[in-house]
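J.: Sharing query.tsv, TSV, C-alpha atoms and all ligand atoms:
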chain	number	residue	atom	x	y	z
T	30	MET	CA	85.55	18.09	120.38
T	31	THR	CA	84.78	21.83	120.63
T	32	GLN	CA	83.36	22.97	123.94
T	33	LYS	CA	79.68	23.88	124.00
T	34	ILE	CA	78.51	25.44	127.26
T	35	ILE	CA	75.14	26.91	128.21
T	36	ASP	CA	74.67	28.86	131.45
T	37	PHE	CA	70.96	28.87	132.26
T	38	TYR	CA	69.84	31.39	134.90
T	39	PHE	CA	66.37	30.75	136.29
T	40	ASP	CA	63.86	31.58	139.02
T	41	VAL	CA	61.15	29.14	140.12
T	42	ILE	CA	58.56	31.94	139.89
T	43	SER	CA	59.08	31.90	136.12
T	44	PRO	CA	57.07	29.42	134.03
T	45	TYR	CA	59.21	30.12	130.96
T	46	SER	CA	62.23	29.11	133.06
T	47	TRP	CA	60.47	25.80	133.73
T	48	ILE	CA	59.70	25.33	130.05
T	49	GLY	CA	63.30	26.20	129.14
T	50	PHE	CA	64.66	23.77	131.72
T	51	GLU	CA	62.44	20.89	130.56
T	52	ALA	CA	63.26	21.62	126.91
T	53	LEU	CA	67.00	21.59	127.66
T	54	GLU	CA	66.68	18.35	129.62
T	55	GLN	CA	64.91	16.72	126.65
T	56	LEU	CA	67.57	18.00	124.26
T	57	LYS	CA	70.47	17.03	126.53
T	58	GLY	CA	69.16	13.48	126.76
T	59	ASN	CA	68.88	13.21	122.99
T	60	GLN	CA	69.82	15.68	120.27
T	61	TRP	CA	72.27	17.85	122.24
T	62	LYS	CA	74.24	15.20	124.12
T	63	ASP	CA	77.65	16.94	123.93
T	64	VAL	CA	76.53	20.25	125.46
T	65	GLU	CA	77.44	21.18	129.01
T	66	ILE	CA	74.48	22.87	130.69
T	67	ARG	CA	75.04	24.70	133.96
T	68	TYR	CA	71.95	25.72	135.93
T	69	HIS	CA	72.04	28.79	138.20
T	70	PRO	CA	69.26	30.05	140.50
T	71	PHE	CA	68.93	33.84	140.53
T	72	PHE	CA	66.40	36.25	142.03
T	73	LEU	CA	64.31	37.59	139.16
T	74	ARG	CA	62.60	40.33	141.15
T	75	ASN	CA	65.93	42.03	142.00
T	76	VAL	CA	67.14	41.81	138.42
T	77	MET	CA	63.82	43.25	137.18
T	78	MET	CA	64.02	46.11	139.66
T	79	LYS	CA	67.65	46.85	138.85
T	80	SER	CA	66.93	46.96	135.10
T	81	GLY	CA	63.73	49.01	135.54
T	82	ASN	CA	61.51	46.17	134.30
T	83	ARG	CA	58.20	45.06	135.88
T	84	PRO	CA	56.54	41.64	136.21
T	85	PRO	CA	54.92	41.22	132.74
T	86	ALA	CA	51.54	40.02	134.08
T	87	MET	CA	51.03	43.41	135.77
T	88	LEU	CA	49.85	44.72	132.38
T	89	PRO	CA	46.39	43.07	132.10
T	90	ASN	CA	46.42	42.42	128.33
T	91	ARG	CA	49.90	41.01	128.54
T	92	GLY	CA	48.84	38.84	131.48
T	93	ARG	CA	45.98	37.38	129.42
T	94	MET	CA	48.22	36.72	126.45
T	95	LEU	CA	50.91	35.21	128.66
T	96	ALA	CA	48.42	32.78	130.19
T	97	GLN	CA	47.63	31.42	126.71
T	98	ASP	CA	51.19	31.50	125.46
T	99	ILE	CA	52.58	29.69	128.50
T	100	ARG	CA	50.02	26.87	128.15
T	101	ARG	CA	50.64	26.57	124.42
T	102	THR	CA	54.41	26.56	124.71
T	103	ALA	CA	54.37	24.11	127.61
T	104	ASN	CA	52.07	21.83	125.63
T	105	TYR	CA	54.49	21.91	122.68
T	106	TRP	CA	57.27	20.60	124.94
T	107	GLY	CA	54.97	18.02	126.57
T	108	ILE	CA	54.72	19.83	129.92
T	109	GLN	CA	51.43	20.11	131.77
T	110	ILE	CA	50.95	23.59	133.15
T	111	LYS	CA	48.12	25.51	134.81
T	112	ASN	CA	47.89	29.19	135.63
T	113	PRO	CA	47.63	29.63	139.42
T	114	PRO	CA	44.44	31.67	140.04
T	115	LYS	CA	46.13	33.53	142.93
T	116	PHE	CA	49.37	34.31	141.08
T	117	ILE	CA	49.03	38.11	141.08
T	118	GLU	CA	47.91	38.16	144.72
T	119	TRP	CA	50.92	36.01	145.67
T	120	ILE	CA	53.56	38.00	143.79
T	121	LEU	CA	52.31	41.17	145.47
T	122	GLN	CA	52.60	39.52	148.88
T	123	TYR	CA	55.63	37.20	148.61
T	124	THR	CA	58.93	36.77	146.81
T	125	THR	CA	61.00	33.74	145.79
T	126	GLU	CA	64.19	35.05	147.40
T	127	GLU	CA	64.12	32.37	150.10
T	128	ALA	CA	63.15	29.60	147.67
T	129	GLN	CA	66.07	30.57	145.43
T	130	LYS	CA	68.38	30.61	148.47
T	131	LEU	CA	67.13	27.17	149.46
T	132	LEU	CA	68.09	25.93	145.99
T	133	ILE	CA	71.59	27.32	146.50
T	134	VAL	CA	71.85	25.59	149.89
T	135	ILE	CA	70.87	22.32	148.18
T	136	GLN	CA	73.30	22.89	145.31
T	137	ASN	CA	76.16	23.52	147.76
T	138	GLN	CA	75.27	20.55	149.92
T	139	PHE	CA	73.99	17.91	147.47
T	140	GLY	CA	75.09	19.09	144.01
T	141	SER	CA	73.41	20.55	140.92
T	142	GLN	CA	71.35	17.50	140.02
T	143	LYS	CA	69.53	17.46	143.37
T	144	MET	CA	69.12	21.23	143.14
T	145	MET	CA	67.37	20.92	139.75
T	146	GLU	CA	65.24	18.02	140.99
T	147	THR	CA	64.08	20.38	143.75
T	148	ALA	CA	63.55	23.27	141.32
T	149	ARG	CA	61.32	21.01	139.21
T	150	VAL	CA	59.19	20.21	142.27
T	151	PHE	CA	58.90	23.95	143.04
T	152	TRP	CA	57.76	24.63	139.47
T	153	ARG	CA	55.26	21.77	139.46
T	154	ARG	CA	53.88	22.86	142.81
T	155	LEU	CA	53.26	26.44	141.61
T	156	TRP	CA	52.56	25.91	137.91
T	157	PHE	CA	50.57	22.70	138.03
T	158	ASP	CA	49.25	22.15	141.57
T	159	CYS	CA	48.67	25.93	141.93
T	160	GLU	CA	50.11	25.87	145.46
T	161	LYS	CA	52.31	28.49	147.15
T	162	ILE	CA	56.12	28.15	147.09
T	163	PHE	CA	57.18	31.03	149.30
T	164	GLU	CA	57.18	30.04	152.98
T	165	VAL	CA	58.75	27.44	155.26
T	166	GLU	CA	55.60	25.30	155.25
T	167	ASP	CA	55.80	25.21	151.42
T	168	PHE	CA	59.52	24.36	151.51
T	169	GLU	CA	58.81	21.45	153.85
T	170	MET	CA	56.38	19.94	151.33
T	171	VAL	CA	58.89	20.36	148.50
T	172	LEU	CA	61.76	18.89	150.52
T	173	LYS	CA	59.64	15.87	151.46
T	174	GLU	CA	59.15	15.13	147.76
T	175	VAL	CA	62.88	15.17	147.04
T	176	GLY	CA	63.81	13.22	150.17
T	177	ILE	CA	65.73	15.98	151.99
T	178	VAL	CA	65.32	16.31	155.75
T	179	PRO	CA	64.15	19.92	156.32
T	180	SER	CA	66.37	20.46	159.36
T	181	ASP	CA	69.45	19.64	157.21
T	182	VAL	CA	68.90	22.68	154.99
T	183	LEU	CA	66.31	25.19	156.20
T	184	GLY	CA	68.57	26.72	158.88
T	185	LYS	CA	71.13	27.61	156.21
T	186	ILE	CA	68.85	29.78	154.05
T	187	GLY	CA	69.89	32.86	156.03
T	188	ASP	CA	73.67	32.17	155.80
T	189	LEU	CA	75.83	35.01	154.49
T	190	GLU	CA	77.61	32.64	152.10
T	191	VAL	CA	74.26	31.71	150.51
T	192	ALA	CA	73.29	35.37	150.13
T	193	LYS	CA	76.65	35.98	148.43
T	194	ASN	CA	76.14	33.03	146.06
T	195	LEU	CA	72.70	34.34	145.04
T	196	GLU	CA	74.08	37.85	144.60
T	197	LYS	CA	76.88	36.48	142.41
T	198	ASN	CA	74.29	34.84	140.12
T	199	ASN	CA	72.19	38.03	140.05
T	200	GLN	CA	75.33	39.97	139.21
T	201	ALA	CA	76.12	37.65	136.30
T	202	VAL	CA	72.65	38.32	134.86
T	203	ASN	CA	72.92	42.08	135.51
T	204	GLU	CA	76.30	42.19	133.80
T	205	ALA	CA	74.75	40.45	130.79
T	206	TYR	CA	72.13	43.26	130.68
T	207	GLY	CA	69.45	40.92	132.08
T	208	TYR	CA	65.84	41.92	132.68
T	209	GLY	CA	63.92	38.63	132.72
T	210	ALA	CA	64.00	34.85	132.98
T	211	PRO	CA	65.31	32.54	131.83
T	212	TRP	CA	68.49	34.45	131.03
T	213	ILE	CA	70.90	32.34	129.00
T	214	LEU	CA	74.59	32.71	128.23
T	215	VAL	CA	75.98	30.56	125.44
T	216	HIS	CA	79.76	30.12	125.29
T	217	THR	CA	81.27	29.22	121.95
T	218	SER	CA	84.70	27.73	121.24
T	219	ASP	CA	86.03	31.10	119.98
T	220	SER	CA	85.73	32.29	123.64
T	221	LYS	CA	82.73	34.48	122.84
T	222	THR	CA	79.61	34.66	125.02
T	223	HIS	CA	76.17	35.13	123.44
T	224	THR	CA	73.20	36.29	125.50
T	225	PHE	CA	69.61	35.05	125.08
T	226	PHE	CA	66.32	35.81	126.83
T	227	GLY	CA	63.58	33.20	127.10
T	228	SER	CA	62.81	29.58	126.36
T	229	ASP	CA	62.08	30.21	122.68
T	230	ARG	CA	65.51	30.79	121.19
T	231	PHE	CA	66.88	27.23	121.16
T	232	HIS	CA	66.73	27.05	117.36
T	233	ILE	CA	69.14	29.99	117.17
T	234	ILE	CA	71.35	28.56	119.92
T	235	ALA	CA	71.46	25.32	117.88
T	236	GLU	CA	72.79	27.16	114.84
T	237	LEU	CA	75.35	29.01	116.95
T	238	LEU	CA	76.66	25.80	118.53
T	239	ASP	CA	76.40	23.73	115.34
T	240	LEU	CA	73.82	21.40	116.90
T	241	PRO	CA	70.72	19.72	115.40
T	242	GLN	CA	67.60	21.90	115.34
T	243	PRO	CA	65.75	21.31	118.65
T	244	LEU	CA	62.69	19.10	118.64
T	245	PRO	CA	60.52	18.05	121.58
T	246	GLN	CA	60.76	14.41	122.58
T	247	LYS	CA	57.24	13.70	121.24
T	248	PHE	CA	58.35	14.44	117.65
T	249	LEU	CA	61.44	12.26	117.95
T	250	ASN	CA	59.31	9.36	119.13
T	251	SER	CA	56.77	9.75	116.34
T	252	LYS	CA	57.35	8.50	112.79
T	253	LEU	CA	57.66	11.92	111.13
T	301	LIG	N1	59.32	34.81	124.86
T	301	LIG	C1	59.91	34.32	126.07
T	301	LIG	C2	59.23	35.01	127.22
T	301	LIG	C3	59.93	34.80	128.54
T	301	LIG	C4	59.26	35.61	129.63
T	301	LIG	O1	58.28	36.33	129.38
T	301	LIG	N2	59.77	35.52	130.86
T	301	LIG	C5	59.20	36.29	131.94
T	301	LIG	C6	59.35	35.53	133.25
T	301	LIG	S1	58.40	34.04	133.20
T	301	LIG	C7	60.00	37.58	132.04
T	301	LIG	O2	61.04	37.62	132.63
T	301	LIG	N3	59.51	38.62	131.40
T	301	LIG	C8	60.14	39.90	131.39
T	301	LIG	C9	59.76	40.67	130.18
T	301	LIG	O3	59.09	40.10	129.30
T	301	LIG	O4	60.14	41.83	130.10
T	301	LIG	C10	59.75	32.79	126.15
T	301	LIG	O5	58.98	32.23	125.34
T	301	LIG	O6	60.42	32.15	126.96
As structure tokens, what does this structure read like?
T.:
Amino acid sequence: MTQKIIDFYFDVISPYSWIGFEALEQLKGNQWKDVEIRYHPFFLRNVMMKSGNRPPAMLPNRGRMLAQDIRRTANYWGIQIKNPPKFIEWILQYTTEEAQKLLIVIQNQFGSQKMMETARVFWRRLWFDCEKIFEVEDFEMVLKEVGIVPSDVLGKIGDLEVAKNLEKNNQAVNEAYGYGAPWILVHTSDSKTHTFFGSDRFHIIAELLDLPQPLPQKFLNSKL
């Protein structure tokens, strides 16, 4: 069987990363069973700054359009999403650097599956419950939901090794000319790597990897 690998770089600040993750999970469990998907937390703000990009919602018209588009796209994939009323205020005040580092601590200590379970709780907390995800008190709530004892992980967020891991992931996105999230690298059996931006290119990835065209779970369950 030819190897099909997708490297998915994400930040929990990014709703399109959440949509992309949930879409891939639906596909992996069904139409795209023989694909290896590797999830990597990176720090979107640094990549944006390095590439000269800005958070898209800072342009008011774009922010309005994004709010609609995110809800519509999430709905298509069967994900319930809400736009946090304080989002702009929060991104001016906080960053997700520590949240992303916490995910790396969890990945190193408990493996990728637990890390993604935690990422999903971060996304739901911000993009459905409209709660903050930036400070220790927020992390404690998230960790409680995934059954991790806070004292087992919180002290490691500041470790040099964790900073290096995050930097390595940022570097991978920078080297692939990244400027947003999710940033996706698709590796094909001819040893080529193909770069994609966003959660809305899975139909093209399918063609590249010779996979069935992606459909949300709800269409597979219905009698189309
Ligand atoms: N069309 C893409 C949009 C993805 C997107 O806008 N991602 C945001 C973060 S949630 C971003 O990084 N935007 C940077 C930009 O648009 O320049 C999708 O549907 O996934």
J.: When distances are computed from all atoms listed in the file, which of T:Tyr45, T:Trp152, T:Trp212, T:Phe157 shows the smallest separation from ligand LIG 301 (chain T)?
T.: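 When distances to ligand LIG 301 (chain T) are compared using all atoms listed in the file, the smallest one comes from T:Tyr45.
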J.: For chain T versus ligand LIG 301 (chain T), which residues have an atom no more than 6 Å away, and what is each residue's nearest atom pair and distance in Å rounded to one decimal, using only C-alpha atoms and all ligand atoms, chain-then-number order, as a Markdown table?
T.:
| residue | atom | partner | partner_atom | distance |
| --- | --- | --- | --- | --- |
| T:Ser43 | CA | T:LIG301 | S1 | 3.7 |
| T:Pro44 | CA | T:LIG301 | S1 | 4.9 |
| T:Tyr45 | CA | T:LIG301 | S1 | 4.6 |
| T:Pro85 | CA | T:LIG301 | N3 | 5.4 |
| T:Gly209 | CA | T:LIG301 | O2 | 3.1 |
| T:Ala210 | CA | T:LIG301 | O2 | 4.1 |
| T:Gly227 | CA | T:LIG301 | O6 | 3.3 |
| T:Ser228 | CA | T:LIG301 | O6 | 3.6 |
| T:Asp229 | CA | T:LIG301 | O5 | 4.6 |
J.: Write out, as a PDB file, in the coordinates of the input, the residues just selected, with C-alpha atoms.
T.:
ATOM      1  CA  SER T  43      59.080  31.900 136.120  1.00  0.00           C
ATOM      2  CA  PRO T  44      57.070  29.420 134.030  1.00  0.00           C
ATOM      3  CA  TYR T  45      59.210  30.120 130.960  1.00  0.00           C
ATOM      4  CA  PRO T  85      54.920  41.220 132.740  1.00  0.00           C
ATOM      5  CA  GLY T 209      63.920  38.630 132.720  1.00  0.00           C
ATOM      6  CA  ALA T 210      64.000  34.850 132.980  1.00  0.00           C
ATOM      7  CA  GLY T 227      63.580  33.200 127.100  1.00  0.00           C
ATOM      8  CA  SER T 228      62.810  29.580 126.360  1.00  0.00           C
ATOM      9  CA  ASP T 229      62.080  30.210 122.680  1.00  0.00           C
TER      10      ASP T 229
END
J.: Which residue gives the smallest distance to Met77 in chain T among T:Val202, T:Leu132, T:Leu53, T:Ala235, with only C-alpha atoms counted?
T.: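 Ranked by minimum distance to Met77 in chain T, first place goes to T:Val202.
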J.: Might you pull out every residue within 7 Å of Phe72 in chain T, with all atoms listed in the file counted and same-chain residues fewer than 4 positions away left off, and present them as a list in words?
T.: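 My list of contacting residues is Asp40, Val76, Glu126, Gln129 and Asn199 of chain T.
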J.: For the point (71.5, 37.6, 143.9) in file coordinates, what residues are within 12 Å, counting only C-alpha atoms? Give the answer as a PyMOL selection string?
T.: chain T and resi 38-40+69-77+79+125-127+129-130+133+189-203
J.: Which is closer to Pro113 in chain T than all the others in T:Ile35, T:Cys159, T:Ala96, T:Ile186, using all atoms listed in the file?
T.: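 Closest to Pro113 in chain T of all the choices is T:Cys159.
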J.: Atoms are missing here; could range 222-235 of chain T be completed with N, CA, C and O atoms and written as a PDB file, in the frame of the given file?
T.:
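Final output, saved to part_8.pdb:
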ATOM      1  N   THR T 222      80.823  34.972 124.263  1.00  0.00           N
ATOM      2  CA  THR T 222      79.610  34.660 125.020  1.00  0.00           C
ATOM      3  C   THR T 222      78.439  35.356 124.331  1.00  0.00           C
ATOM      4  O   THR T 222      78.531  36.528 123.971  1.00  0.00           O
ATOM      5  N   HIS T 223      77.348  34.609 124.140  1.00  0.00           N
ATOM      6  CA  HIS T 223      76.170  35.130 123.440  1.00  0.00           C
ATOM      7  C   HIS T 223      74.995  35.073 124.405  1.00  0.00           C
ATOM      8  O   HIS T 223      74.739  34.036 125.018  1.00  0.00           O
ATOM      9  N   THR T 224      74.272  36.176 124.508  1.00  0.00           N
ATOM     10  CA  THR T 224      73.200  36.290 125.500  1.00  0.00           C
ATOM     11  C   THR T 224      71.832  36.061 124.856  1.00  0.00           C
ATOM     12  O   THR T 224      71.556  36.592 123.776  1.00  0.00           O
ATOM     13  N   PHE T 225      70.973  35.304 125.557  1.00  0.00           N
ATOM     14  CA  PHE T 225      69.610  35.050 125.080  1.00  0.00           C
ATOM     15  C   PHE T 225      68.620  35.253 126.218  1.00  0.00           C
ATOM     16  O   PHE T 225      68.927  34.955 127.371  1.00  0.00           O
ATOM     17  N   PHE T 226      67.423  35.705 125.857  1.00  0.00           N
ATOM     18  CA  PHE T 226      66.320  35.810 126.830  1.00  0.00           C
ATOM     19  C   PHE T 226      65.207  34.864 126.399  1.00  0.00           C
ATOM     20  O   PHE T 226      64.753  34.922 125.253  1.00  0.00           O
ATOM     21  N   GLY T 227      64.780  34.006 127.343  1.00  0.00           N
ATOM     22  CA  GLY T 227      63.580  33.200 127.100  1.00  0.00           C
ATOM     23  C   GLY T 227      63.867  31.761 126.709  1.00  0.00           C
ATOM     24  O   GLY T 227      65.003  31.356 126.469  1.00  0.00           O
ATOM     25  N   SER T 228      62.756  31.021 126.638  1.00  0.00           N
ATOM     26  CA  SER T 228      62.810  29.580 126.360  1.00  0.00           C
ATOM     27  C   SER T 228      62.563  29.311 124.886  1.00  0.00           C
ATOM     28  O   SER T 228      62.405  28.166 124.482  1.00  0.00           O
ATOM     29  N   ASP T 229      62.507  30.386 124.079  1.00  0.00           N
ATOM     30  CA  ASP T 229      62.080  30.210 122.680  1.00  0.00           C
ATOM     31  C   ASP T 229      63.154  30.586 121.675  1.00  0.00           C
ATOM     32  O   ASP T 229      62.859  31.014 120.563  1.00  0.00           O
ATOM     33  N   ARG T 230      64.415  30.438 122.103  1.00  0.00           N
ATOM     34  CA  ARG T 230      65.510  30.790 121.190  1.00  0.00           C
ATOM     35  C   ARG T 230      66.447  29.595 120.956  1.00  0.00           C
ATOM     36  O   ARG T 230      67.567  29.772 120.479  1.00  0.00           O
ATOM     37  N   PHE T 231      65.975  28.386 121.264  1.00  0.00           N
ATOM     38  CA  PHE T 231      66.880  27.230 121.160  1.00  0.00           C
ATOM     39  C   PHE T 231      67.258  26.924 119.716  1.00  0.00           C
ATOM     40  O   PHE T 231      68.311  26.368 119.458  1.00  0.00           O
ATOM     41  N   HIS T 232      66.385  27.303 118.774  1.00  0.00           N
ATOM     42  CA  HIS T 232      66.730  27.050 117.360  1.00  0.00           C
ATOM     43  C   HIS T 232      67.930  27.916 116.947  1.00  0.00           C
ATOM     44  O   HIS T 232      68.779  27.487 116.163  1.00  0.00           O
ATOM     45  N   ILE T 233      68.016  29.113 117.520  1.00  0.00           N
ATOM     46  CA  ILE T 233      69.140  29.990 117.170  1.00  0.00           C
ATOM     47  C   ILE T 233      70.414  29.532 117.904  1.00  0.00           C
ATOM     48  O   ILE T 233      71.513  29.530 117.343  1.00  0.00           O
ATOM     49  N   ILE T 234      70.216  29.094 119.154  1.00  0.00           N
ATOM     50  CA  ILE T 234      71.350  28.560 119.920  1.00  0.00           C
ATOM     51  C   ILE T 234      71.927  27.330 119.187  1.00  0.00           C
ATOM     52  O   ILE T 234      73.138  27.139 119.108  1.00  0.00           O
ATOM     53  N   ALA T 235      71.025  26.512 118.612  1.00  0.00           N
ATOM     54  CA  ALA T 235      71.460  25.320 117.880  1.00  0.00           C
ATOM     55  C   ALA T 235      72.378  25.713 116.724  1.00  0.00           C
ATOM     56  O   ALA T 235      73.442  25.127 116.516  1.00  0.00           O
TER      57      ALA T 235
END
